[in-house]
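Participant: The structure's right below; bear with me while I get my questions together.
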Amino acid sequence: MSLAAVPARAASGATASGAPPAGEAILRRQRVRESAARTYARSFPIVPVRAHGMTVEGADGRRYLDCLSGAGTLALGHNHPVVLEAIRRTLDSGAPLHLLDLATAEKDDFTSALFESLPAEFAARARVHFCGPAGTDAVEAAIKLMQTATGRAGALAFTGAYHGMTAGALALTGNVAVKEPLPGGGEVVRLPYPYGYRCPFGVGGEAGAELGATYVERLLDDPSGGVVPPAAMILEAVQGEGGVVPAPDGWLREMRRITAERGIPLIVDEVQTGVGRTGAMWAVEHSGIVPDAMVLSKAIGGSLPLAVVVYREDYDGWRPGAHTGTFRGNTLAMAAGAATLRYVAAHGLAERAAVAGARMTARLRELAAELPAIGDVRGRGLMIGVELVDPAAEPDACGARPADSALALRVREACLARGLIVELGGRHDAVLRLLPPLTVTDEQIAAVLERLAEAIAAASASSAPAPASSSVQASPSSAPASGSAPAARGGA
Ligand SMILES: Cc1ncc(COP(=O)(O)O)c(C=O)c1O
């Protein structure tokens, strides 16, 4: 399949009969029928009809390189043969497709594949709970589990965190824009995440992370610090929706030490970082920490919906039905997920992600020297962020210039015009988030980088605001509920 974006079939966009092409009609109907909260559809006004690997083909005949991969869901890209084969085999077997949480061979096999993939020390004493099929439900489950185990209510969470859209998970999320319209904020104590480029302590680097760890420890020990002993601390080893911010390994080890010493269960949310994405099968492996619970979703279902919480057996104080739900037995997702987990492990795709990610990051850093709008390039494995800034503005004490959201919108649009799907995230929606599949080829990496460089150069050259086309509707003024809210993207 050619990697090049194929131009639209007809310049006018009209069919021979004069009627608008099916894609345009579908987009128009979606705009009038679906809720104002729809998200990615605003950023990418395309109607995908076929997809294979990293390539998505729209109803208009154009092809795109997909650097969003279902917000990190598609570890093997779209419709990987191994995933399709697992789904077909399961369909042909006549296995029931919906089974609440009854025992099945598919669930048994998925659980084996999952436990084989987890860090051995964690897996040795782990239990798994199958949740409703979204990351946010597994976050709810993890918090409830720890509330039950500790008898405490509140939780510790971090600035920039994204944990989902249901009430409990939203309370843990950092993005104020999506929380503000809703009553109540839950009992969540917000702690500073080590974001080197925009350091909460104005210091940056490892020193900023060390200050953050000291602050957390002293706050928890301060009898007048206002923190009631919490049920858990929850964190992402690399924040995704928060703008692709990797935490230093040393800081993660400090969080593990601080929580362990105070009897606070540590939940690591690996919904986005899991299954090889960061260059290790699970992001906790980089630091070697052993959490008390891991929340997993996205890639574990091999592109179909699946979410679990895996936790140390000592915390299993739940009563039967304590976290139940109708859709916790998705047979096809378990088959596709088991096939994906085994394929990633057998083909060394985590290692491949580390190498490919390092190459992409190095090239992007070179580009930053040529394109002053690139303020920071960071990430881990194939979870890469490019923070766009206003190069004409004064840098702060740490050398960071103000985020340029308007430029980021133009870059996203310029990428799409060049056949590249790249989504934004982070503070002020100014971070380009690159999440190619782990199977991305060297040729595709070169094409992504070329299109991205062209798009940033072209968007930087035009200082005009992004056109508020009726089909895109992504400008913050036209779409306050999602166009300006990175956290709203996670759940697709
Ligand atoms: C780290 C993290 N946790 C939780 C979620 C929520 O997952 P879902 O959208 O499946 O509810 C996301 C989604 O992006 C995520 O990135």
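So you can find residues: chains in the structure tokens are A, B, ... in the order shown, residues in each start at 1, and ligands are numbered from 1 in order.
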Please check which protein, DNA or RNA residues sit within 7 Å of ligand 1, counting only C-alpha atoms and all ligand atoms, and write them as a compact mmCIF listing (two decimals) with C-alpha atoms, in the first residue's frame.
Facilitator:
```txt
# COMPACT_ATOMS: atom_id res chain seq x y z
CA ALA A 71 -4.89 7.12 21.37
CA ALA A 134 -12.96 1.19 29.23
CA GLY A 135 -9.89 2.41 31.04
CA THR A 136 -11.98 4.76 33.15
CA ASP A 137 -13.96 1.86 34.66
CA VAL A 139 -9.56 3.27 37.33
CA TYR A 162 -5.56 11.85 32.93
CA HIS A 163 -7.46 8.88 34.29
CA GLY A 164 -10.80 8.96 32.47
CA MET A 165 -14.20 10.57 32.28
CA GLU A 236 1.08 7.53 35.10
CA GLN A 239 1.57 11.18 31.18
CA GLY A 240 -0.09 10.87 27.79
CA GLU A 241 -3.06 13.22 27.57
CA ASP A 269 -2.27 3.68 35.42
CA GLU A 270 -0.78 1.89 32.39
CA VAL A 271 -3.84 2.37 30.21
CA GLN A 272 -1.82 4.28 27.61
CA SER A 297 -6.84 -1.09 28.93
CA LYS A 298 -6.41 0.20 25.33
CA ARG A 489 -9.81 13.08 24.15
CA GLY A 490 -8.73 10.07 26.10
CA GLY A 491 -11.92 8.15 25.90
CA ALA A 492 -12.59 8.64 22.21
```
Participant: Identify, on the basis of only C-alpha atoms, every residue whose closest approach to Ala461 of chain A does not exceed 12 Å; exclude the query and any residue fewer than 6 positions from it along the same chain; express the result as a PyMOL selection string.
Facilitator: chain A and resi 371-373+391+407+410-411+414+454-455
Participant: Put those residues in a file: C-alpha atoms, as a PDB file, in the first residue's frame.
Facilitator:
```pdb
ATOM      1  CA  LEU A 371      12.298  25.218  13.667  1.00  0.00           C
ATOM      2  CA  PRO A 372      12.209  27.568  16.683  1.00  0.00           C
ATOM      3  CA  ALA A 373       8.487  26.832  17.254  1.00  0.00           C
ATOM      4  CA  PRO A 391       9.389  31.607  19.404  1.00  0.00           C
ATOM      5  CA  LEU A 407       0.046  27.216  15.992  1.00  0.00           C
ATOM      6  CA  ARG A 410      -2.588  24.926  12.351  1.00  0.00           C
ATOM      7  CA  VAL A 411       0.077  22.219  12.499  1.00  0.00           C
ATOM      8  CA  ALA A 414      -1.357  21.042   7.967  1.00  0.00           C
ATOM      9  CA  GLU A 454       6.825  20.436   6.430  1.00  0.00           C
ATOM     10  CA  ALA A 455       3.631  21.005   8.412  1.00  0.00           C
TER      11      ALA A 455
END
```
Participant: What are the nearest atom pairs, with distances in Å to one decimal, for all residues of segment 379-445 of chain A that come at most 10 Å from segment 344-350 of chain A, using only C-alpha atoms, set out by chain and rising residue number as a tab-separated table?
Facilitator:
```
residue	atom	partner	partner_atom	distance
A:Gly381	CA	A:Ala350	CA	7.9
A:Leu382	CA	A:Ala350	CA	9.1
A:Pro437	CA	A:Leu349	CA	9.7
A:Leu438	CA	A:Leu349	CA	6.0
A:Thr439	CA	A:Leu349	CA	7.2
A:Val440	CA	A:Leu349	CA	10.0
```
Participant: Filtering to C-alpha atoms, could you give me those residues as a PDB file, in the first residue's frame?
Facilitator:
```
ATOM      1  CA  GLY A 381       9.667   4.716  23.197  1.00  0.00           C
ATOM      2  CA  LEU A 382       6.904   5.421  20.709  1.00  0.00           C
ATOM      3  CA  PRO A 437       2.006   1.576  16.044  1.00  0.00           C
ATOM      4  CA  LEU A 438       4.926  -0.478  17.381  1.00  0.00           C
ATOM      5  CA  THR A 439       5.114  -2.046  13.923  1.00  0.00           C
ATOM      6  CA  VAL A 440       5.973   1.288  12.266  1.00  0.00           C
TER       7      VAL A 440
END
```
Participant: Could you give me, as a list in words, each residue of segment 122-174 of chain A that DSSP assigns to helix (DSSP H, G or I) when run on this structure's backbone?
Facilitator: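 Those residues are Phe122, Ala123, Gly135, Thr136, Asp137, Ala138, Val139, Glu140, Ala141, Ala142, Ile143, Lys144, Leu145, Met146, Gln147, Thr148, Ala149, Thr150, Ala167, Gly168, Ala169, Leu170, Ala171 and Leu172 of chain A.
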Participant: For C-alpha atoms, I'd like the residues from the last selection saved as a PDB file, in the first residue's frame.
Facilitator:
```pdb
ATOM      1  CA  PHE A 122       4.111  -8.443  40.448  1.00  0.00           C
ATOM      2  CA  ALA A 123       2.459 -11.307  38.568  1.00  0.00           C
ATOM      3  CA  GLY A 135      -9.894   2.413  31.040  1.00  0.00           C
ATOM      4  CA  THR A 136     -11.980   4.758  33.154  1.00  0.00           C
ATOM      5  CA  ASP A 137     -13.955   1.862  34.658  1.00  0.00           C
ATOM      6  CA  ALA A 138     -10.741   0.071  35.603  1.00  0.00           C
ATOM      7  CA  VAL A 139      -9.555   3.270  37.329  1.00  0.00           C
ATOM      8  CA  GLU A 140     -12.830   3.397  39.277  1.00  0.00           C
ATOM      9  CA  ALA A 141     -12.351  -0.238  40.206  1.00  0.00           C
ATOM     10  CA  ALA A 142      -8.768   0.308  41.381  1.00  0.00           C
ATOM     11  CA  ILE A 143      -9.759   3.189  43.648  1.00  0.00           C
ATOM     12  CA  LYS A 144     -12.749   1.295  45.048  1.00  0.00           C
ATOM     13  CA  LEU A 145     -10.545  -1.721  45.666  1.00  0.00           C
ATOM     14  CA  MET A 146      -8.084   0.347  47.690  1.00  0.00           C
ATOM     15  CA  GLN A 147     -10.869   2.188  49.524  1.00  0.00           C
ATOM     16  CA  THR A 148     -12.252  -1.188  50.556  1.00  0.00           C
ATOM     17  CA  ALA A 149      -8.834  -2.476  51.567  1.00  0.00           C
ATOM     18  CA  THR A 150      -7.757   0.593  53.555  1.00  0.00           C
ATOM     19  CA  ALA A 167     -16.973  10.663  38.084  1.00  0.00           C
ATOM     20  CA  GLY A 168     -14.229   9.080  40.192  1.00  0.00           C
ATOM     21  CA  ALA A 169     -11.651   8.969  37.415  1.00  0.00           C
ATOM     22  CA  LEU A 170     -12.471  12.559  36.447  1.00  0.00           C
ATOM     23  CA  ALA A 171     -11.874  13.689  40.019  1.00  0.00           C
ATOM     24  CA  LEU A 172      -8.372  12.202  39.712  1.00  0.00           C
TER      25      LEU A 172
END
```
Participant: Would you please work out which residue, of A:Ala339, A:Val310, A:Leu364, A:Ala280, is nearest to Arg380 of chain A when using only C-alpha atoms?
Facilitator: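 Using only C-alpha atoms, Arg380 of chain A sits closest to A:Ala280.
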Participant: Fewer than 4 positions away in the same chain doesn't count, so skip those; otherwise give me all residues within 7 Å of Leu332 of chain A, counting only C-alpha atoms, as a PyMOL selection string.
Facilitator: chain A and resi 87+90+97+336
Participant: I need the residue nearest Met54 of chain A from this list: A:Asn79, A:Leu452, A:Gln30, A:Met294. Use only C-alpha atoms for the distance.
Facilitator: A:Asn79
Participant: Find the residues around Met360 of chain A up to 8 Å (only C-alpha atoms counted), leave out those fewer than 3 positions away in its own chain, and share them as a PDB file with N, CA and C atoms, in the first residue's frame.
Facilitator:
```pdb
ATOM      1  N   ALA A 356      13.069   2.650  17.665  1.00  0.00           N
ATOM      2  CA  ALA A 356      12.388   3.544  16.706  1.00  0.00           C
ATOM      3  C   ALA A 356      12.082   4.884  17.367  1.00  0.00           C
ATOM      4  N   GLY A 357      11.663   4.835  18.651  1.00  0.00           N
ATOM      5  CA  GLY A 357      11.339   6.072  19.366  1.00  0.00           C
ATOM      6  C   GLY A 357      12.575   6.942  19.541  1.00  0.00           C
ATOM      7  N   ARG A 363      15.805  12.812  15.721  1.00  0.00           N
ATOM      8  CA  ARG A 363      15.569  13.603  14.508  1.00  0.00           C
ATOM      9  C   ARG A 363      14.718  14.844  14.837  1.00  0.00           C
ATOM     10  N   LEU A 364      13.737  14.645  15.706  1.00  0.00           N
ATOM     11  CA  LEU A 364      12.885  15.781  16.088  1.00  0.00           C
ATOM     12  C   LEU A 364      13.693  16.833  16.837  1.00  0.00           C
ATOM     13  N   ILE A 445       8.496   5.946   9.330  1.00  0.00           N
ATOM     14  CA  ILE A 445       9.059   6.948  10.246  1.00  0.00           C
ATOM     15  C   ILE A 445       9.582   8.129   9.435  1.00  0.00           C
ATOM     16  N   LEU A 449       8.175  11.976   9.719  1.00  0.00           N
ATOM     17  CA  LEU A 449       9.033  13.103  10.094  1.00  0.00           C
ATOM     18  C   LEU A 449       9.066  14.160   8.996  1.00  0.00           C
TER      19      LEU A 449
END
```
Participant: Do you have, as JSON lines, the list of residues of segment 252-328 of chain A lying at most 12 Å from segment 194-197 of chain A, each with its nearest atom pair and that distance in Å to one decimal, counting only C-alpha atoms and ordered by chain then number?
Facilitator:
```
{"residue": "A:Leu252", "atom": "CA", "partner": "A:Pro194", "partner_atom": "CA", "distance": 9.9}
{"residue": "A:Glu254", "atom": "CA", "partner": "A:Pro194", "partner_atom": "CA", "distance": 12.0}
{"residue": "A:Met255", "atom": "CA", "partner": "A:Pro194", "partner_atom": "CA", "distance": 11.5}
```
Participant: Atoms to include: C-alpha atoms. Write the selected residues as a PDB file, in the first residue's frame.
Facilitator:
```
ATOM      1  CA  LEU A 252       8.983   6.914  40.436  1.00  0.00           C
ATOM      2  CA  GLU A 254      10.735   7.772  45.360  1.00  0.00           C
ATOM      3  CA  MET A 255       6.940   7.619  44.969  1.00  0.00           C
TER       4      MET A 255
END
```
Participant: Pick out the residues sitting within 9 Å of Ser287 of chain A, and hand them over as a list in words; count only C-alpha atoms, and ignore anything fewer than 4 positions along from it in its own chain.
Facilitator: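 Counting only C-alpha atoms, the residues come to Pro248, Asp249, Gly250, Trp251, Leu252, Arg253 and Ala283 of chain A.
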Participant: Those same residues, written as a PDB file, in the first residue's frame with C-alpha atoms?
Facilitator:
```
ATOM      1  CA  PRO A 248      12.217  10.247  35.794  1.00  0.00           C
ATOM      2  CA  ASP A 249      12.780   6.682  37.027  1.00  0.00           C
ATOM      3  CA  GLY A 250      14.299   8.007  40.249  1.00  0.00           C
ATOM      4  CA  TRP A 251      11.147  10.006  40.989  1.00  0.00           C
ATOM      5  CA  LEU A 252       8.983   6.914  40.436  1.00  0.00           C
ATOM      6  CA  ARG A 253      11.167   4.959  42.838  1.00  0.00           C
ATOM      7  CA  ALA A 283       6.307   1.341  31.742  1.00  0.00           C
TER       8      ALA A 283
END
```
Participant: So, counting only C-alpha atoms, which residue among A:Gly274, A:Gly151, A:Gly419, A:Gly70 is closest to Ile300 of chain A?
Facilitator: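 Among the listed residues, the smallest separation from Ile300 of chain A belongs to A:Gly274.
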Participant: Just how far from atom CA of Ala293 of chain A is atom CA of Val431 of chain A, in Å to one decimal?
Facilitator: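 One can read the atom CA of Val431 of chain A to atom CA of Ala293 of chain A distance as 29.1 Å.
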Participant: Go through A:Arg342, A:Pro181, A:Ala299, A:Val128 one by one, measure the shortest atom-to-atom distance of each to Thr111 of chain A using only C-alpha atoms, and give the residue with the smallest value.
Facilitator: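 Of A:Arg342, A:Pro181, A:Ala299, A:Val128, the one nearest Thr111 of chain A, counting only C-alpha atoms, is A:Val128.
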Participant: Let me make sure I understand: among A:Ser69, A:Ser463, A:Thr331, A:Thr159, which one has the smallest atom-to-atom distance to Ala408 of chain A if we use only C-alpha atoms?
Facilitator: A:Ser463
